[in-house]
Each structure stands twice: as C-alpha cells, then as structure tokens.
$ cat input-v9.txt   # compact mmCIF, C-alpha atoms
# COMPACT_ATOMS: atom_id res chain seq x y z
CA MET A 1 0.00 0.00 0.00
CA GLN A 2 1.57 3.27 -1.14
CA ILE A 3 1.09 5.98 1.49
CA LEU A 4 3.08 8.96 2.67
CA ARG A 5 4.54 8.36 6.14
CA PHE A 6 4.92 11.08 8.74
CA SER A 7 8.15 9.47 9.96
CA ASP A 8 9.71 10.06 6.50
CA ILE A 9 8.56 13.69 6.45
CA CYS A 10 10.13 14.26 9.89
CA ALA A 11 13.36 12.44 8.93
CA GLN A 12 13.71 14.75 5.92
CA GLY A 13 13.33 17.82 8.16
CA LYS A 14 10.13 18.86 6.37
CA ALA A 15 8.05 19.18 9.55
CA ARG A 16 10.24 21.86 11.15
CA GLY A 17 8.25 25.05 11.76
CA GLN A 18 5.15 23.49 10.21
CA ARG A 19 1.65 23.32 11.68
CA VAL A 20 0.87 19.64 12.18
CA PHE A 21 -2.69 18.40 12.76
CA ILE A 22 -2.80 14.87 14.25
CA ARG A 23 -6.03 12.85 14.32
CA ALA A 24 -5.41 10.43 17.17
CA ASP A 25 -7.68 7.82 18.76
CA LEU A 26 -8.00 8.92 22.40
CA ASN A 27 -11.46 7.40 22.89
CA VAL A 28 -10.71 5.78 26.25
CA PRO A 29 -13.13 4.16 28.72
CA GLN A 30 -14.19 6.27 31.72
CA ASP A 31 -16.13 5.56 34.91
CA ASP A 32 -19.28 7.45 35.98
CA ASN A 33 -17.13 10.23 37.44
CA GLY A 34 -15.22 10.73 34.19
CA LYS A 35 -12.07 9.03 35.52
CA ILE A 36 -10.12 7.16 32.83
CA THR A 37 -10.15 3.44 33.62
CA GLU A 38 -7.75 2.23 30.88
CA ASP A 39 -5.23 4.40 29.01
CA THR A 40 -3.74 2.12 26.31
CA ARG A 41 -4.95 4.35 23.47
CA ILE A 42 -3.45 7.47 25.07
CA ARG A 43 -0.10 5.72 25.50
CA ALA A 44 -0.23 4.43 21.92
CA SER A 45 -0.74 7.96 20.57
CA ILE A 46 2.34 9.46 22.25
CA PRO A 47 5.04 8.31 19.75
CA CYS A 48 3.39 10.26 16.92
CA ILE A 49 2.92 13.39 19.06
CA GLN A 50 6.50 13.20 20.32
CA MET A 51 7.77 12.66 16.77
CA ALA A 52 6.09 15.91 15.69
CA LEU A 53 7.46 17.86 18.67
CA ASP A 54 10.98 16.48 18.16
CA ALA A 55 10.75 17.52 14.51
CA GLY A 56 10.14 21.14 15.55
CA ALA A 57 6.48 21.35 14.55
CA ALA A 58 3.58 23.31 16.04
CA VAL A 59 1.36 20.44 17.11
CA MET A 60 -2.43 20.16 17.27
CA VAL A 61 -4.03 16.86 18.31
CA THR A 62 -7.71 15.93 18.27
CA SER A 63 -9.87 12.85 18.82
CA HIS A 64 -13.46 11.88 19.40
CA LEU A 65 -14.56 10.72 22.85
CA GLY A 66 -17.83 8.89 23.40
CA ARG A 67 -20.92 9.75 21.37
CA PRO A 68 -21.56 13.49 21.78
CA THR A 69 -24.35 15.38 20.03
CA GLU A 70 -22.86 17.63 17.33
CA GLY A 71 -23.02 21.31 18.27
CA GLU A 72 -23.97 20.62 21.90
CA PHE A 73 -21.11 20.73 24.42
CA LYS A 74 -21.61 18.77 27.63
CA PRO A 75 -18.85 18.51 30.28
CA GLN A 76 -18.79 14.68 30.03
CA ASP A 77 -17.84 14.97 26.34
CA SER A 78 -14.71 16.99 27.04
CA LEU A 79 -11.19 15.75 26.34
CA LYS A 80 -9.97 17.45 29.57
CA PRO A 81 -9.45 14.11 31.44
CA VAL A 82 -7.47 12.89 28.41
CA ALA A 83 -5.36 16.07 28.43
CA GLU A 84 -4.62 15.56 32.12
CA ARG A 85 -3.49 11.95 31.59
CA LEU A 86 -1.49 12.89 28.50
CA SER A 87 0.15 15.73 30.47
CA GLU A 88 1.18 13.26 33.20
CA LEU A 89 2.62 10.77 30.68
CA MET A 90 4.48 13.38 28.62
CA GLY A 91 5.59 15.56 31.54
CA ARG A 92 4.27 18.81 30.10
CA ASP A 93 1.21 21.05 30.36
CA ILE A 94 -1.25 20.42 27.52
CA PRO A 95 -4.01 23.02 27.12
CA VAL A 96 -7.40 22.04 25.69
CA VAL A 97 -8.71 24.38 22.98
CA ALA A 98 -12.49 24.69 22.43
CA ASP A 99 -14.22 26.14 19.33
CA TRP A 100 -11.08 25.61 17.27
CA VAL A 101 -12.40 25.20 13.72
CA ASP A 102 -11.95 28.88 12.75
CA GLY A 103 -8.38 29.17 14.05
CA VAL A 104 -5.81 27.89 16.57
CA GLU A 105 -2.86 29.72 18.12
CA VAL A 106 0.07 27.30 18.39
CA GLN A 107 3.80 27.86 17.92
CA PRO A 108 6.61 25.44 16.95
CA GLY A 109 7.47 23.31 19.98
CA GLN A 110 3.99 23.81 21.46
CA LEU A 111 1.31 21.13 21.83
CA VAL A 112 -2.43 21.72 22.16
CA LEU A 113 -5.34 19.31 22.38
CA LEU A 114 -8.32 20.36 20.27
CA GLU A 115 -11.64 19.61 21.98
CA ASN A 116 -13.70 16.52 21.00
CA CYS A 117 -13.90 16.64 17.19
CA ARG A 118 -17.36 15.06 17.10
CA LEU A 119 -18.78 18.20 18.73
CA ASN A 120 -18.25 20.00 15.39
CA LYS A 121 -21.35 20.15 13.20
CA GLY A 122 -20.78 18.11 10.07
CA GLU A 123 -17.95 15.91 11.46
CA LYS A 124 -19.73 12.55 11.20
CA LYS A 125 -21.19 13.22 7.74
CA ASN A 126 -17.88 14.64 6.47
CA ASN A 127 -19.19 18.10 5.57
CA PRO A 128 -16.86 19.56 2.86
CA GLU A 129 -17.01 23.11 4.27
CA LEU A 130 -15.90 21.85 7.70
CA ALA A 131 -13.18 19.70 6.11
CA ARG A 132 -11.77 22.69 4.17
CA LYS A 133 -11.73 24.86 7.31
CA MET A 134 -9.86 22.18 9.27
CA ALA A 135 -7.39 21.68 6.42
CA MET A 136 -6.56 25.40 6.53
CA LEU A 137 -5.41 25.02 10.15
CA CYS A 138 -2.38 22.94 9.16
CA ASP A 139 0.48 22.39 6.73
CA ILE A 140 0.61 18.64 7.42
CA TYR A 141 -2.32 16.37 8.30
CA VAL A 142 -1.44 13.13 10.09
CA ASN A 143 -3.92 10.28 10.58
CA ASP A 144 -2.79 8.10 13.47
CA ALA A 145 -6.23 6.70 14.43
CA PHE A 146 -6.69 3.18 13.07
CA GLY A 147 -9.72 2.67 15.34
CA THR A 148 -11.69 5.15 13.18
CA ALA A 149 -10.10 4.26 9.81
CA HIS A 150 -13.33 2.55 8.69
CA ARG A 151 -15.30 5.80 8.99
CA ALA A 152 -15.25 8.59 6.39
CA GLU A 153 -15.61 11.54 8.76
CA GLY A 154 -14.33 15.11 8.70
CA THR A 155 -11.15 14.47 10.71
CA THR A 156 -10.47 11.01 9.22
CA TYR A 157 -11.20 11.61 5.53
CA GLY A 158 -12.37 15.12 4.58
CA ILE A 159 -9.39 17.01 5.98
CA ALA A 160 -7.06 14.58 4.20
CA GLU A 161 -8.64 15.56 0.87
CA TYR A 162 -7.83 19.24 1.30
CA ALA A 163 -4.71 19.46 3.51
CA ARG A 164 -1.49 20.47 1.75
CA ILE A 165 0.15 17.20 2.85
CA ALA A 166 -1.76 14.14 4.15
CA CYS A 167 0.11 11.21 5.67
CA ALA A 168 -0.05 8.27 8.07
CA GLY A 169 1.30 8.45 11.61
CA PRO A 170 3.46 5.62 13.03
CA LEU A 171 0.52 3.75 14.63
CA LEU A 172 -1.59 3.79 11.46
CA ALA A 173 1.45 2.91 9.31
CA ALA A 174 2.22 -0.06 11.58
CA GLU A 175 -1.37 -1.30 11.20
CA ILE A 176 -1.13 -1.01 7.41
CA ASP A 177 2.20 -2.89 7.39
CA ALA A 178 0.86 -5.68 9.64
CA ILE A 179 -2.36 -6.08 7.66
CA THR A 180 -0.45 -6.17 4.36
CA LYS A 181 1.97 -8.74 5.75
CA ALA A 182 -0.85 -10.93 7.10
CA LEU A 183 -3.40 -10.71 4.29
CA ALA A 184 -1.90 -9.29 1.11
CA ASN A 185 1.48 -11.06 1.16
CA PRO A 186 1.15 -13.85 3.76
CA ARG A 187 3.71 -16.52 4.47
CA ARG A 188 1.83 -19.82 3.99
CA PRO A 189 0.04 -21.65 5.39
CA LEU A 190 -2.27 -18.79 6.39
CA ILE A 191 -4.57 -19.80 9.26
CA ALA A 192 -7.44 -17.58 10.44
CA ILE A 193 -9.28 -17.95 13.74
CA VAL A 194 -12.73 -16.38 13.69
CA ALA A 195 -14.80 -16.88 16.80
CA GLY A 196 -17.77 -15.21 18.42
CA SER A 197 -21.37 -15.79 19.37
CA LYS A 198 -22.97 -15.31 15.96
CA VAL A 199 -22.21 -16.34 12.37
CA SER A 200 -24.44 -13.49 11.15
CA THR A 201 -22.12 -10.78 12.52
CA LYS A 202 -19.07 -12.37 10.88
CA LEU A 203 -20.53 -14.10 7.83
CA THR A 204 -18.96 -11.70 5.32
CA ILE A 205 -15.60 -12.11 7.08
CA LEU A 206 -15.87 -15.91 6.90
CA GLN A 207 -16.85 -15.73 3.21
CA SER A 208 -13.98 -13.35 2.38
CA LEU A 209 -11.37 -15.37 4.31
CA SER A 210 -12.55 -18.67 2.82
CA LYS A 211 -11.24 -17.48 -0.56
CA ASN A 212 -7.74 -16.82 0.79
CA VAL A 213 -6.81 -18.83 3.90
CA ASP A 214 -5.42 -22.36 4.13
CA GLY A 215 -7.24 -23.13 7.39
CA LEU A 216 -10.27 -21.44 8.95
CA ILE A 217 -10.71 -22.19 12.66
CA VAL A 218 -14.16 -21.29 13.96
CA GLY A 219 -15.06 -21.02 17.64
CA GLY A 220 -17.83 -20.05 20.05
CA GLY A 221 -21.40 -19.90 18.76
CA ILE A 222 -20.01 -19.78 15.21
CA ALA A 223 -18.46 -23.25 15.69
CA ASN A 224 -21.81 -24.57 16.97
CA THR A 225 -23.50 -23.45 13.76
CA PHE A 226 -20.78 -25.15 11.70
CA MET A 227 -21.16 -28.34 13.77
CA LEU A 228 -24.89 -28.28 13.05
CA ALA A 229 -24.11 -27.77 9.35
CA ALA A 230 -21.82 -30.83 9.49
CA GLY A 231 -24.70 -32.97 10.82
CA LEU A 232 -23.79 -32.99 14.52
CA LYS A 233 -26.21 -32.40 17.39
CA ILE A 234 -25.47 -29.38 19.59
CA GLY A 235 -28.16 -29.68 22.29
CA LYS A 236 -29.32 -26.27 23.54
CA SER A 237 -26.10 -24.50 22.48
CA LEU A 238 -26.11 -21.02 20.97
CA ALA A 239 -26.34 -21.32 17.17
CA GLU A 240 -28.10 -19.90 14.09
CA PRO A 241 -29.95 -22.73 12.32
CA ASP A 242 -31.13 -20.36 9.56
CA LEU A 243 -27.52 -19.90 8.43
CA LEU A 244 -26.63 -23.56 7.90
CA ASP A 245 -26.54 -23.17 4.10
CA ASP A 246 -24.12 -20.24 4.48
CA ALA A 247 -21.91 -22.30 6.81
CA ARG A 248 -21.94 -25.22 4.35
CA ALA A 249 -21.03 -22.82 1.51
CA VAL A 250 -17.97 -21.66 3.46
CA ILE A 251 -16.96 -25.29 4.13
CA GLU A 252 -17.37 -26.14 0.41
CA SER A 253 -15.50 -23.00 -0.68
CA MET A 254 -12.55 -24.06 1.49
CA LYS A 255 -12.73 -27.71 0.38
CA ALA A 256 -12.67 -26.69 -3.31
CA ARG A 257 -9.28 -25.06 -2.67
CA GLY A 258 -7.89 -28.03 -0.75
CA ALA A 259 -8.30 -26.13 2.55
CA GLU A 260 -10.51 -26.93 5.53
CA VAL A 261 -12.71 -25.69 8.32
CA PRO A 262 -11.81 -28.10 11.18
CA ILE A 263 -15.01 -29.24 12.92
CA PRO A 264 -14.55 -29.99 16.67
CA THR A 265 -14.29 -33.72 17.49
CA ASP A 266 -14.75 -33.17 21.21
CA VAL A 267 -16.33 -30.37 23.24
CA VAL A 268 -16.75 -29.12 26.80
CA VAL A 269 -20.41 -28.92 27.82
CA ALA A 270 -22.51 -27.83 30.79
CA LYS A 271 -26.20 -27.99 31.70
CA ASN A 272 -26.35 -24.23 32.35
CA PHE A 273 -24.40 -21.05 31.59
CA ALA A 274 -22.87 -19.93 34.90
CA ALA A 275 -19.53 -19.25 36.54
CA ASP A 276 -20.00 -22.34 38.74
CA ALA A 277 -21.42 -24.62 36.00
CA VAL A 278 -20.01 -28.15 36.00
CA ALA A 279 -17.89 -28.78 32.89
CA THR A 280 -17.95 -32.17 31.14
CA VAL A 281 -15.80 -33.24 28.18
CA LYS A 282 -17.75 -35.17 25.53
CA GLN A 283 -17.19 -36.47 22.03
CA ALA A 284 -18.84 -34.11 19.54
CA SER A 285 -21.11 -36.95 18.47
CA GLU A 286 -22.43 -37.49 22.00
CA VAL A 287 -23.84 -34.07 22.91
CA ALA A 288 -27.16 -34.48 24.78
CA ASP A 289 -30.31 -32.46 24.10
CA ASP A 290 -29.90 -30.50 27.37
CA ASP A 291 -26.16 -29.79 26.91
CA MET A 292 -24.67 -26.37 26.17
CA ILE A 293 -21.31 -26.38 24.32
CA LEU A 294 -19.11 -23.75 26.00
CA ASP A 295 -15.63 -24.68 24.74
CA ILE A 296 -13.75 -26.98 22.36
CA GLY A 297 -12.44 -30.20 23.94
CA PRO A 298 -8.78 -31.08 24.68
CA ASP A 299 -8.34 -33.31 21.59
CA THR A 300 -9.68 -30.60 19.27
CA ALA A 301 -7.55 -27.98 21.05
CA ALA A 302 -4.41 -30.13 20.61
CA ARG A 303 -5.16 -30.67 16.91
CA LEU A 304 -5.71 -26.94 16.30
CA ALA A 305 -2.61 -26.04 18.33
CA ALA A 306 -0.50 -28.32 16.11
CA GLN A 307 -1.95 -26.62 13.03
CA LEU A 308 -1.13 -23.16 14.42
CA LYS A 309 2.43 -24.13 15.36
CA ALA A 310 3.01 -25.18 11.73
CA ALA A 311 1.48 -21.99 10.27
CA GLY A 312 3.32 -19.25 8.39
CA THR A 313 0.78 -16.53 9.20
CA ILE A 314 -2.02 -16.41 11.81
CA VAL A 315 -4.95 -13.97 11.96
CA TRP A 316 -6.87 -14.14 15.26
CA ASN A 317 -10.26 -12.63 16.04
CA GLY A 318 -12.19 -14.05 18.97
CA PRO A 319 -11.76 -16.59 21.82
CA VAL A 320 -12.96 -20.13 21.02
CA GLY A 321 -14.87 -20.67 24.28
CA VAL A 322 -16.26 -18.90 27.34
CA PHE A 323 -12.73 -18.18 28.56
CA GLU A 324 -13.98 -15.84 31.31
CA PHE A 325 -14.95 -19.02 33.23
CA ASP A 326 -11.80 -21.08 33.88
CA GLN A 327 -13.53 -24.45 33.36
CA PHE A 328 -14.35 -23.36 29.77
CA ALA A 329 -11.04 -21.59 29.06
CA GLY A 330 -8.93 -24.59 28.00
CA GLY A 331 -9.50 -24.14 24.27
CA THR A 332 -8.69 -20.43 24.20
CA LYS A 333 -5.65 -20.98 26.44
CA ALA A 334 -4.34 -23.75 24.13
CA ILE A 335 -4.86 -21.52 21.06
CA ALA A 336 -3.12 -18.57 22.77
CA GLN A 337 -0.13 -20.67 23.83
CA ALA A 338 0.17 -22.24 20.37
CA ILE A 339 0.23 -18.77 18.77
CA ALA A 340 2.87 -17.69 21.31
CA GLU A 341 5.03 -20.72 20.49
CA SER A 342 4.53 -20.57 16.71
CA SER A 343 7.19 -19.02 14.45
CA ALA A 344 4.32 -17.63 12.33
CA PHE A 345 3.69 -13.90 11.92
CA SER A 346 0.51 -13.32 13.96
CA ILE A 347 -1.92 -10.42 13.98
CA ALA A 348 -4.74 -10.24 16.55
CA GLY A 349 -7.63 -7.83 17.01
CA GLY A 350 -10.98 -7.36 18.73
CA GLY A 351 -11.77 -6.58 22.37
CA ASP A 352 -12.32 -10.16 23.59
CA THR A 353 -9.18 -11.31 21.77
CA LEU A 354 -7.12 -8.63 23.50
CA ALA A 355 -8.60 -9.69 26.86
CA ALA A 356 -7.54 -13.30 26.18
CA ILE A 357 -4.04 -12.17 25.16
CA ALA A 358 -3.77 -10.21 28.42
CA LYS A 359 -5.16 -13.11 30.51
CA TYR A 360 -2.52 -15.53 29.19
CA GLY A 361 0.29 -12.96 29.13
CA ILE A 362 1.31 -13.49 25.50
CA GLU A 363 1.43 -9.80 24.43
CA LYS A 364 5.12 -10.02 23.54
CA ASP A 365 4.61 -13.23 21.54
CA VAL A 366 1.97 -11.88 19.13
CA GLY A 367 3.47 -10.30 16.01
CA TYR A 368 1.05 -7.39 15.96
CA ILE A 369 -1.89 -6.48 18.20
CA SER A 370 -4.38 -4.29 16.35
CA THR A 371 -5.79 -1.25 18.15
CA GLY A 372 -9.03 -1.09 16.16
CA GLY A 373 -12.10 -3.27 16.68
CA GLY A 374 -14.52 -2.37 13.88
CA ALA A 375 -11.72 -1.31 11.54
CA PHE A 376 -9.90 -4.64 12.04
CA LEU A 377 -13.09 -6.59 11.25
CA GLU A 378 -13.70 -4.57 8.08
CA VAL A 379 -10.15 -5.32 6.90
CA LEU A 380 -10.83 -9.04 7.46
CA GLU A 381 -13.98 -8.63 5.36
CA GLY A 382 -11.77 -7.51 2.49
CA LYS A 383 -13.01 -3.92 2.55
CA THR A 384 -10.79 -0.96 1.71
CA LEU A 385 -10.97 1.41 4.69
CA PRO A 386 -11.79 5.05 3.83
CA ALA A 387 -8.75 6.39 5.73
CA PHE A 388 -6.42 4.06 3.81
CA ASP A 389 -8.15 4.95 0.55
CA ILE A 390 -7.74 8.74 0.85
CA LEU A 391 -4.09 8.46 2.02
CA GLN A 392 -3.31 6.27 -1.00
CA LYS A 393 -5.00 8.77 -3.33
CA ARG A 394 -3.05 11.67 -1.79
CA ALA A 395 0.24 9.74 -2.00
CA ALA A 396 -0.42 9.10 -5.70
$ encode --input "input-v9.txt" --output "structure tokens"
Amino acid sequence: MQILRFSDICAQGKARGQRVFIRADLNVPQDDNGKITEDTRIRASIPCIQMALDAGAAVMVTSHLGRPTEGEFKPQDSLKPVAERLSELMGRDIPVVADWVDGVEVQPGQLVLLENCRLNKGEKKNNPELARKMAMLCDIYVNDAFGTAHRAEGTTYGIAEYARIACAGPLLAAEIDAITKALANPRRPLIAIVAGSKVSTKLTILQSLSKNVDGLIVGGGIANTFMLAAGLKIGKSLAEPDLLDDARAVIESMKARGAEVPIPTDVVVAKNFAADAVATVKQASEVADDDMILDIGPDTAARLAAQLKAAGTIVWNGPVGVFEFDQFAGGTKAIAQAIAESSAFSIAGGGDTLAAIAKYGIEKDVGYISTGGGAFLEVLEGKTLPAFDILQKRAA
C-alpha cells in the first residue's frame, strides 16, 4: 500500500516550523465520574505526538470521545481528562482548545489538544465546508487513528482531501504494514481464527477469508453453527440454524481449494451457563439435548494447536470458548499458547481477543496487536478502509 509516512517527512526535516494536525484515537473508557479506567490508546498515541514535537512542529491533536451530540457541548464529552493523563505521561502542560475550527494559536514546539472533534457540526457526515476549514489550520495532516479508519468523517477523511500534505502516523502505518503482511502477502500456510457468538455478525468475514486462507478455525457460537451444518447435534447451544446453508457454503469454498474448516471432534459442555457450572468433556457426536457447548475439547484444542504451530501466518479474532470461566477456558488458552510458540507472523484484534491475550500474558509473543475493533473486522472482510483509501490517493 503506497502511502506517505509522517516518519519520513520528519526524517527529511520537512516538519520543522510546520503546523501539524494529528487525528489520534483517544477514545478511552471512563467511569461514571469521568475518571479514565484504561489508558492504552493514550499511550499508543504518544510516539506520533513526540515525533512531531521532536521535529520542531507546532502540534495540534484531536480525537473523538464517546458519542456526543454535534453542536452541543456537555462537560462529560470533554477531552480534559485525556489532556490531564497525556500531560502526566508526557511531563508537560497540555491546554485544551475549544471552538477551534476557525483558528488555533500554536507555535513550533507547542502542543495543544483540540476539543472533542465530534462536537463539530458536520464531522460525522464529512461536511466539505468543515473539512476545508480544518485543512486550513495545518500544513501537514497526520492520521494516526486506526480505530476510526473505517469511517469517512471530517477528521479522518475530509481534511485529508484538502490538507497540503496528508500522511499516516506511526501507529496507522504499523497497522497497514501488519495487515499487508498478514493478508496481502502472507507466508503460507495462512490460518485464520474467527470466533464469536454469531455467524451473522461475521458471515462476510468468513466468506472473504474462505477465498484466501489455508485453514479457517471457527469457535464459540459460530463453531456450533458449523457443527450443526456438518450434521452434529449441539443440544441447547447457541447457534443460528437459519444460516446452515451459508456455513456449508464456506466449508465447500474451502474444500474446493484443498483447505478446511476443522469441525470440533470433542467439546466441553454444561447444563447451564454460569460461573459455577459443571464442565464435562464429551465427544462431539455425544452431545445431549440438554447440553450447552461452551468450549472446544482437549483433543480438538491439541489438533488446532499443532496446526497453528506449523502456520506461516495467523490472523486471530475471537476466543474459542467462554474463557472468562476457567472451566471453559482450555481451548482459548491452548490456542493462545500455540500462537505464542509458533514461528508464524501473527496479527490479533478485537476486544475479547485482547482480553484473552492479556489473561494468558502473551502480548510479547503476538506479532502485531491491532488497536481497532470495527476497523480490524472490516479489513478481514476484504473492505478498503476510507482512511487508507484517501491516504493512498493523496500519495499518488
């Protein structure tokens, strides 16, 4: 993917004295009192901001936070808590600027945080007049927000159309490199793990991947639907019987290419869904009518782990069982450990996946951990993200 990189602009000295507008993703979770409960996104945004400051630029940073109503400022929508945390992490005072669209005072070496960009009328629908005004604020526009790359909004797309220079920040560039390595030019075999409660929410992803991957591991409620499609009984497990033809089509699509969707041969079941539910391992062919499948069994887990250890590239989205309950976590733990031990390049994304990675402490063993949920899923669907699209156009 041909894009202009902010790191190259800085290395060439072309950012010195320039007004740099960075669209970051600082949309962090907060408690009822507005206190930030998890600051990964703030930490991840610092390298780009620091790069701009070190290059001698006048730096403006903005982000959305929550779901504000355009044109209506409410205190809970403010980026002030983000500015305070960013100030602590960077060891400098960072003022928050409100009503910034018509002009911002910032000098080289200075850093300001522009108030929640989704407060601006026309941001979400990418109003051209707003985009042009924002583009006039800067000499260089930098998109470093992969989490919003699947949305064509004013600060993610429109401004990039009109800014003098539009480029990708280090976080966005790293996402592009990892995605390209995993999906466009993968080392084979390419194995994808797609798990979750419903086939319907990930059907297009499964269909898209089935044309490209060498192995497609399904888990969770998705696996139950595939088991049903393969003629197995699943008791009272979560599944979507109306999508059996779609599941069979994915299986046949894979088979036609000499690839496979491994169907579980053993499963872990319980009579009810609860933290203290009694777990029982059963052959997949022996599931009772009152059983709920809540994890893959040890034999299936071992077979999938062997497949992952032999992979060249692994794409992971979703735990394969109810890993929050330890008695149904064996499958996800085996998958996580196999990915950690594999020499494959691995890319993982999605909130539950990141929680599993954290639970089993394999952060350092995953090739790339994606910061975007919806954007990561759209990439797996084979879609071209608007933010990537406009940066490619501008680079050309």
$ closest_atom_pairs --input "input-v9.txt" --of "region 344-368 of chain A" --to "region 179-194 of chain A" --cutoff "9 Å" --atoms "all atoms listed in the file" --output "JSON lines"
{"residue": "A:Ala344", "atom": "CA", "partner": "A:Arg187", "partner_atom": "CA", "distance": 8.0}
{"residue": "A:Phe345", "atom": "CA", "partner": "A:Ala182", "partner_atom": "CA", "distance": 7.3}
{"residue": "A:Ser346", "atom": "CA", "partner": "A:Ala182", "partner_atom": "CA", "distance": 7.4}
{"residue": "A:Ile347", "atom": "CA", "partner": "A:Ala182", "partner_atom": "CA", "distance": 7.0}
$ write_last_selection --input "input-v9.txt" --atoms "C-alpha atoms" --output "tab-separated table (two decimals), in the frame of the given file"
chain	number	residue	atom	x	y	z
A	344	ALA	CA	4.32	-17.63	12.33
A	345	PHE	CA	3.69	-13.90	11.92
A	346	SER	CA	0.51	-13.32	13.96
A	347	ILE	CA	-1.92	-10.42	13.98
$ closest_residue --input "input-v9.txt" --among "A:Val320, A:Ile314, A:Ala247, A:Ala174" --to "Lys202 (chain A)" --atoms "all atoms listed in the file"
A:Ala247
$ closest_residue --input "input-v9.txt" --among "A:Ala131, A:His64, A:Leu203, A:Asn143" --to "Cys117 (chain A)" --atoms "only C-alpha atoms"
A:His64
$ residues_around --input "input-v9.txt" --residues "region 38-52 of chain A" --least-positions-apart "5" --cutoff "8 Å" --atoms "all atoms listed in the file" --output "MDAnalysis selection string"
chainID A and resid 7 10 15 20 22 24:30 57:59 61 82 85:86 89:90 144 169:171 371
$ atom_distance --input "input-v9.txt" --atom1 "CA of Ser253 (chain A)" --atom2 "CA of Ser342 (chain A)"
26.6 Å
$ closest_residue --input "input-v9.txt" --among "A:Ala149, A:Gly321, A:Ala249, A:Ile339" --to "Ala306 (chain A)" --atoms "all atoms listed in the file"
A:Ile339
$ atom_distance --input "input-v9.txt" --atom1 "CA of Pro262 (chain A)" --atom2 "CA of Leu238 (chain A)"
18.7 Å
$ closest_residue --input "input-v9.txt" --among "A:Asp93, A:Ala275, A:Arg23, A:Gly372" --to "Glu153 (chain A)" --atoms "all atoms listed in the file"
A:Arg23
$ atom_distance --input "input-v9.txt" --atom1 "CA of Glu324 (chain A)" --atom2 "CA of Ala356 (chain A)"
8.6 Å
$ axis_aligned_box --input "input-v9.txt" --around "region 130-142 of chain A" --padding-each-side "6 Å" --output "JSON"
{"center_x": -7.6, "center_y": 19.3, "center_z": 7.2, "size_x": 28.5, "size_y": 24.3, "size_z": 18.0}
$ closest_residue --input "input-v9.txt" --among "A:Ala288, A:Leu79, A:Ile296, A:Cys167" --to "Thr265 (chain A)" --atoms "only C-alpha atoms"
A:Ile296
$ residues_around --input "input-v9.txt" --residues "region 132-140 of chain A" --least-positions-apart "3" --cutoff "7 Å" --atoms "only C-alpha atoms" --output "ChimeraX atom specification"
/A:18-21,101-103,128-129,159,162-166
$ closest_residue --input "input-v9.txt" --among "A:Ile3, A:Ile205, A:Ala152, A:Leu304" --to "Asp177 (chain A)" --atoms "only C-alpha atoms"
A:Ile3
$ residues_near_point --input "input-v9.txt" --point "(-14.3, -18.8, 16.2)" --cutoff "10 Å" --atoms "only C-alpha atoms" --output "list in words"
Ala192, Ile193, Val194, Ala195, Gly196, Ser197, Lys198, Val199, Lys202, Leu206, Leu216, Ile217, Val218, Gly219, Gly220, Gly221, Ile222, Ala223, Asn224, Trp316, Asn317, Gly318, Pro319, Val320, Gly321 and Thr332 of chain A
$ write_last_selection --input "input-v9.txt" --atoms "C-alpha atoms" --output "short mmCIF file (atom, residue, chain, number, x, y, z; two decimals), keeping the file's coordinate frame"
data_model
loop_
_atom_site.label_atom_id
_atom_site.label_comp_id
_atom_site.auth_asym_id
_atom_site.auth_seq_id
_atom_site.Cartn_x
_atom_site.Cartn_y
_atom_site.Cartn_z
CA ALA A 192 -7.44 -17.58 10.44
CA ILE A 193 -9.28 -17.95 13.74
CA VAL A 194 -12.73 -16.38 13.69
CA ALA A 195 -14.80 -16.88 16.80
CA GLY A 196 -17.77 -15.21 18.42
CA SER A 197 -21.37 -15.79 19.37
CA LYS A 198 -22.97 -15.31 15.96
CA VAL A 199 -22.21 -16.34 12.37
CA LYS A 202 -19.07 -12.37 10.88
CA LEU A 206 -15.87 -15.91 6.90
CA LEU A 216 -10.27 -21.44 8.95
CA ILE A 217 -10.71 -22.19 12.66
CA VAL A 218 -14.16 -21.29 13.96
CA GLY A 219 -15.06 -21.02 17.64
CA GLY A 220 -17.83 -20.05 20.05
CA GLY A 221 -21.40 -19.90 18.76
CA ILE A 222 -20.01 -19.78 15.21
CA ALA A 223 -18.46 -23.25 15.69
CA ASN A 224 -21.81 -24.57 16.97
CA TRP A 316 -6.87 -14.14 15.26
CA ASN A 317 -10.26 -12.63 16.04
CA GLY A 318 -12.19 -14.05 18.97
CA PRO A 319 -11.76 -16.59 21.82
CA VAL A 320 -12.96 -20.13 21.02
CA GLY A 321 -14.87 -20.67 24.28
CA THR A 332 -8.69 -20.43 24.20
#
